[in-house]
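For reference, the structure is listed below as structure tokens.
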Amino acid sequence: MPQKQFETRITRLFNIRHPVLAGGLMWLSDAPYVAAVVNAGGMGFITSRSSATMAEFEGQLGHCAALTGDKPFGVNLSTSRHTAVPLMDYLDAALAAGVRHFETAGRAPADDLIRRIRDAGAMVIHKVPLLRHALTAERLGVDAVAIVGMECGGHPGANTDMPAMLGGALAAGKLRIPYAIGGGIGHGSQILAALAMGADAVVLGTRFLAGEEISAHPAYKARMVAAGADDHMVCFAGNQPLGGAWRVLNNATAREVRAREAAGRTDYADFAELTRGSLQKEAAYGGGDVEAGMLSMGAAVAFIDQVEPIAAIMDRLMAQAAAAQNRITTLIRS
């Protein structure tokens with residue numbers, strides 16, 4: 001393995017070259033994508049909830065193992081959403097396949113979940129929106145936390161006010177365990193800034209959406225390339241019964257959701273046909289209709305300028321981080 005450019009508690013914990021974690025992307029964090037991130041020196045997580053059956057999930061695990069060789073990869077487990085297969089069944093299948101790195105997201109992981117992961121010699125990083133949640137997860141015994149800011153694509157949980165860099169700075173000195181930060185990060189200089197403030201890694205999602213290995217229609221990837229920093233919008237802000245804030249592409253579906261919110265509609269049934277996962281998966285990611293579905297995306301999409309391999313994106317990010325480090329060195333010397 002090539003020498004690590006930056007060595008942190010998280011690169012050691014995951015045994016990875018770069019302090020970059022690819023957060024679980026619903027419907028898109030499959031074996032080819034996760035393996036590409038892992039082979040590029042980061043850590044990726046297959047989203048268990050994207051598999052409708054255990055056979056499908058086990059197929060993803062086997063495919064990823066074949067693509068990564070002896071490199072470890074991770075699995076994302078949702079602790080708060082309905083899953084097609086019971087959560088513990090996903091965990092047991094992953095452990096049986098040799099997976100030892102888990103990302104949990106949603107409610108604080110239960111004691112029995114952490115215990116079963118730990119008893120298997122595995123580790124868990126829990127994703128949270130705020131420092132107080134990170135401290136709770138630390139008390140529960142997780143190995144690390146990822147603190148995602150309000151800028152992140154998808155669901156930032158209850159966080160609609162705390163930016164990623166501020167949340168990361170507040171965590172410095174407060175947490176004993178390693179932590180990553182995510183939200184709006186798409187340039188290597190931001191990686192260096194996160195490390196400088198005390199974080200051990202960054203979480204990236206949006207920046208990888210036009211990666212060659214992403215299993216999505218070319219028209220969707222072309223839309224990601226064309227998107228700018230203001231092409232996202234937030235729906236359901238402050239509406240926990242409907243899942244809480246959701247940062248997505250500003251498309252026809254999202255605008256209709258916002259129109260119904262403005263009209264005072266608050267029941268899940270008022271939005272069900274617009275937010276169903278099959279609309280994202282089949283119409284947008286599968287069929288290329290970028291106006292269909294709630295398509296998770298953050299402002300870091302502005303850094304996407306072409307469709308390219310994940311390895312090329314990672315190399316560019318780390319080159320940018322090195323350039324930023326050199327600039328700081330120059331400033332200090334002067």
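Following the order of the structure tokens, first chain is A, next is B, and so on, with residues numbered from 1 inside each chain and ligands from 1 in the order they appear.
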| task | For region 34-48 of chain A, please output as a ChimeraX atom specification all residues within 7 Å (counting only C-alpha atoms; exclusion window: fewer than 4 positions along the same chain). | result | /A:16-26,29-30,57,64,67-68,73-77,90,103,213,310-311,314
Go ahead and save the picked residues with C-alpha atoms, as a short mmCIF file (atom, residue, chain, number, x, y, z; two decimals), in the first residue's frame.
```cif
data_model
loop_
_atom_site.label_atom_id
_atom_site.label_comp_id
_atom_site.auth_asym_id
_atom_site.auth_seq_id
_atom_site.Cartn_x
_atom_site.Cartn_y
_atom_site.Cartn_z
CA ILE A 16 -6.97 3.33 4.82
CA ARG A 17 -4.57 5.61 2.95
CA HIS A 18 -6.68 8.75 2.94
CA PRO A 19 -8.88 10.37 5.64
CA VAL A 20 -11.95 10.11 3.42
CA LEU A 21 -15.16 8.22 4.23
CA ALA A 22 -17.86 7.86 1.60
CA GLY A 23 -21.17 8.05 3.42
CA GLY A 24 -23.88 5.59 2.49
CA LEU A 25 -25.86 6.85 -0.52
CA MET A 26 -29.33 5.33 -0.66
CA SER A 29 -23.78 2.77 -2.42
CA ASP A 30 -23.51 -0.59 -4.10
CA PHE A 57 -27.58 -8.03 -0.03
CA CYS A 64 -17.61 -6.05 -3.34
CA LEU A 67 -13.61 -6.18 -6.44
CA THR A 68 -11.56 -5.11 -3.41
CA PHE A 73 -14.98 -2.43 3.13
CA GLY A 74 -17.93 -1.33 5.21
CA VAL A 75 -21.69 -1.70 5.55
CA ASN A 76 -24.20 1.03 6.45
CA LEU A 77 -26.94 0.03 8.90
CA TYR A 90 -28.21 -7.58 7.75
CA GLU A 103 -21.53 2.83 9.76
CA GLU A 213 -18.61 3.65 -10.87
CA ILE A 310 -13.60 7.59 -8.32
CA ALA A 311 -9.83 7.10 -8.16
CA MET A 314 -9.71 10.96 -4.87
#
```
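Reported to one decimal place, the separation of CA of Ala324 (chain A) from CA of Ala312 (chain A) is 18.3 Å.
Among the candidates A:Tyr33, A:Ala65, A:Asp143, A:Pro109, the one nearest to Phe14 (chain A) when counting only C-alpha atoms is A:Asp143.
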| message | Give me, as a list of chain:residue names, all polymer residues having an atom no more than 9 Å from Leu317 (chain A), counting only C-alpha atoms and skipping those fewer than 2 positions away in the same chain. | response | A:Gly186, A:His187, A:Gly188, A:Ser189, A:Ile191, A:Ala312, A:Ile313, A:Met314, A:Asp315, A:Ala319, A:Gln320, A:Ala321, A:Ala322
Hey, can you spit out that residue selection with all heavy atoms as a short mmCIF file (atom, residue, chain, number, x, y, z; two decimals), in the first residue's frame?
```cif
data_model
loop_
_atom_site.label_atom_id
_atom_site.label_comp_id
_atom_site.auth_asym_id
_atom_site.auth_seq_id
_atom_site.Cartn_x
_atom_site.Cartn_y
_atom_site.Cartn_z
N GLY A 186 -16.15 19.27 -0.78
CA GLY A 186 -15.91 18.74 -2.12
C GLY A 186 -14.58 19.14 -2.70
O GLY A 186 -14.29 18.89 -3.86
N HIS A 187 -13.72 19.76 -1.89
CA HIS A 187 -12.41 20.23 -2.34
C HIS A 187 -11.37 19.82 -1.30
O HIS A 187 -11.65 19.80 -0.10
CB HIS A 187 -12.43 21.75 -2.49
CG HIS A 187 -11.24 22.31 -3.23
ND1 HIS A 187 -10.03 22.54 -2.63
CD2 HIS A 187 -11.10 22.67 -4.54
CE1 HIS A 187 -9.19 23.03 -3.52
NE2 HIS A 187 -9.80 23.12 -4.68
N GLY A 188 -10.17 19.53 -1.76
CA GLY A 188 -9.13 19.07 -0.87
C GLY A 188 -8.72 20.07 0.19
O GLY A 188 -8.28 19.68 1.28
N SER A 189 -8.84 21.36 -0.11
CA SER A 189 -8.50 22.36 0.90
C SER A 189 -9.42 22.25 2.11
O SER A 189 -9.01 22.52 3.25
CB SER A 189 -8.60 23.77 0.30
OG SER A 189 -9.91 24.04 -0.15
N ILE A 191 -10.58 19.41 3.20
CA ILE A 191 -10.07 18.25 3.95
C ILE A 191 -8.97 18.70 4.89
O ILE A 191 -8.95 18.36 6.07
CB ILE A 191 -9.57 17.16 2.99
CG1 ILE A 191 -10.72 16.63 2.11
CG2 ILE A 191 -8.91 16.02 3.77
CD1 ILE A 191 -10.30 15.62 1.07
N ALA A 312 -9.75 8.95 -9.75
CA ALA A 312 -9.30 10.26 -10.23
C ALA A 312 -9.82 11.38 -9.33
O ALA A 312 -9.11 12.36 -9.06
CB ALA A 312 -9.78 10.48 -11.67
N ILE A 313 -11.05 11.23 -8.85
CA ILE A 313 -11.60 12.22 -7.91
C ILE A 313 -10.78 12.23 -6.63
O ILE A 313 -10.41 13.29 -6.11
CB ILE A 313 -13.08 11.92 -7.61
CG1 ILE A 313 -13.92 11.98 -8.89
CG2 ILE A 313 -13.62 12.89 -6.56
CD1 ILE A 313 -15.35 11.52 -8.70
N MET A 314 -10.48 11.05 -6.11
CA MET A 314 -9.71 10.96 -4.87
C MET A 314 -8.32 11.55 -5.05
O MET A 314 -7.83 12.30 -4.18
CB MET A 314 -9.61 9.51 -4.41
CG MET A 314 -9.01 9.34 -3.03
SD MET A 314 -10.13 9.78 -1.69
CE MET A 314 -11.12 8.28 -1.62
N ASP A 315 -7.68 11.24 -6.17
CA ASP A 315 -6.33 11.77 -6.42
C ASP A 315 -6.37 13.30 -6.47
O ASP A 315 -5.47 13.98 -5.95
CB ASP A 315 -5.78 11.22 -7.73
CG ASP A 315 -5.37 9.75 -7.62
OD1 ASP A 315 -5.27 9.23 -6.49
OD2 ASP A 315 -5.15 9.13 -8.68
N ALA A 319 -4.45 15.86 -3.95
CA ALA A 319 -3.52 16.84 -4.51
C ALA A 319 -3.89 18.25 -4.06
O ALA A 319 -3.02 19.08 -3.74
CB ALA A 319 -3.51 16.75 -6.03
N GLN A 320 -5.19 18.53 -4.02
CA GLN A 320 -5.65 19.84 -3.54
C GLN A 320 -5.32 20.02 -2.06
O GLN A 320 -4.93 21.11 -1.63
CB GLN A 320 -7.16 19.96 -3.76
CG GLN A 320 -7.57 20.06 -5.22
CD GLN A 320 -9.06 19.84 -5.42
OE1 GLN A 320 -9.76 19.34 -4.53
NE2 GLN A 320 -9.56 20.20 -6.59
N ALA A 321 -5.47 18.96 -1.28
CA ALA A 321 -5.13 19.04 0.14
C ALA A 321 -3.63 19.31 0.33
O ALA A 321 -3.23 20.11 1.18
CB ALA A 321 -5.53 17.75 0.86
N ALA A 322 -2.81 18.65 -0.49
CA ALA A 322 -1.36 18.88 -0.41
C ALA A 322 -1.01 20.31 -0.80
O ALA A 322 -0.15 20.94 -0.17
CB ALA A 322 -0.64 17.88 -1.31
#
```
| Residue list (helix (DSSP H, G or I), DSSP) for region 109-252 of chain A, as number ranges by chain | A: 111-119, 131-140, 164-171, 188-197, 206-208, 218-226, 240-242, 252
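Going from CA of Phe6 (chain A) to CA of Ile181 (chain A) covers 15.8 Å.
Counting from CA of Gly141 (chain A), the distance to CA of Thr206 (chain A) is 29.1 Å.
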